[in-house]
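One structure is given here, and the rest of the page talks about it.
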Amino acid sequence: MGEVFTGSFTQQEPLPEASIAAAEAVLRHGRLHRYNTAEGEIAETALLEEEFAARTGAAFCLAVASGGYALGCALRACGVTPGDTVLTNAFTLAPVPGAIAGVGAVPVLVGVTDALVIDLEDLAAKLDRARVLLLSHMRGHICDMDRLMDLCDAAGVTVIEDCAHTMGAAWNGRPTGRWGLMGCFSTQTYKHVNSGEGGLLISDDAEAMARAVLLSGSYMLYGRHRAAPPPEAFAELRYAVPNISGRMDNLRAAILRPQLRALTRQAGRWNDRYRKVAEGLADVPGLVVPARPAAEQFVASSIQFLLPDRSETEVAAVVAGCAARGVELKWFGAAEPVGFTSDYGSWRYAPQDRLPATDRVLAGLLDMRLPLTFSLDDCALIARIIRAVVTEVLTPARGAA
């Protein structure tokens, strides 16, 4: 069989000692609710918002219960109502179109290129079909944001960014989440900072963020936020915006603040692992690792590669062969959804015509997590295993052709 990998693709690093100490302090005083503070105390949640706003350069930040809640909250804050159409990527994870469906709107899917970013030609052709684009930087791949914003601005389309996989990343030096009207981040376990579940929402728009704060369940306590719009932004909205509670609590905020301070170092470690695997796969016949443009300052907590124009049988054989040797690959072109992975055809709440160019990409698209519990030697071993399995599966097919 050859080499075998015995590590776990789902085991994250332990939380840092500073996070554990901060969590213990919150547990000992018991004030977990963000608005339950002692005299003179600043809530951990308010401090996290202030620090994340400063890190991204955003005027405002709101901490919420999950990345998915952040998406739905942003859609509502931008005025999306039941029956509206919203553009979004055909290549993403189900919570993105799910957030659109969750507010009663209808997803309009836009294709993906073989660089694994939204197809800007397809987007341009569909901009007249909606007034909002929920853009997913799926698996950390960032499209040409200058061109995308030019297209959307010219068409009067508001952009909301799903940055679940791009915390710490940027395009041409400008952080993701800072291009559109609102940026949505996740702090779920497999993201770049870990609180189990959680989300962060940023914006420079005072009205949109005031709506989001009220939606999140601030009641009339919005004045306790340190990264929210001024009181006058809430003066009329507080009577009109419903409370759809989805606040983050002080325990999760306490856990996240030390991790946020270490994000730049952690991002470098992820990219070291990505490059080690990418180097090991660089010249495998029949396998393509998408090129990353110079303008993209990515944070690669996962890696994707393509087996272009291969049959379903061949791709399935690669997935099975790698699994037999301990390497866990996710296949976005599989006929049925598995775990977190699904093809847009399985989102039956979002009926769409098929997208042939996207289907061709997804048919051979394989995805793999890169947790920081992997050493660089682990990454080199994983690349060797993938190389050996792909060569074994695809070489006979090439010879027969």
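Following the order of the structure tokens, chains are lettered A, B, ..., residues in each are numbered from 1, and ligands are numbered from 1.
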**OP:** Name the residues in contact with Leu87 (chain A) at a cut-off of 6 Å, using only C-alpha atoms, excluding same-chain residues fewer than 6 positions from it; report them as a list of chain:residue names.
**Re:** A:Pro107, A:Val108, A:Leu109, A:Leu133
Counting only C-alpha atoms, give me one row per residue of region 254-340 of chain A with an atom at most 12 Å from an atom of region 177-189 of chain A, showing the shortest contact pair and its distance in Å to one decimal, sorted by chain then residue number, as CSV.
```
residue,atom,partner,partner_atom,distance
A:Ile255,CA,A:Thr187,CA,10.4
A:Leu256,CA,A:Thr187,CA,8.1
A:Arg257,CA,A:Thr187,CA,11.2
A:Gln259,CA,A:Thr187,CA,10.4
A:Leu260,CA,A:Thr187,CA,10.3
A:Ser301,CA,A:Thr189,CA,11.9
```
**OP:** Measuring atom to atom with only C-alpha atoms, identify which of A:Gly140, A:Gly79, A:Gly326, A:Pro175 is nearest to Glu207 (chain A).
**Re:**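 The shortest atom-to-atom distance to Glu207 (chain A) comes from A:Gly79.
Each of A:Asp153, A:Glu296, A:Asp378, A:Asp204 was checked against Thr56 (chain A) using only C-alpha atoms; the smallest atom-to-atom distance is that of A:Asp204.
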Original post:
Among region 199-236 of chain A, which ones does DSSP place in helix (DSSP H, G or I), written as JSON, numbers by chain?
Top reply: {"A": [206, 207, 208, 209, 210, 211, 212, 213, 214, 215, 222, 223, 224, 231, 232, 233, 234]}
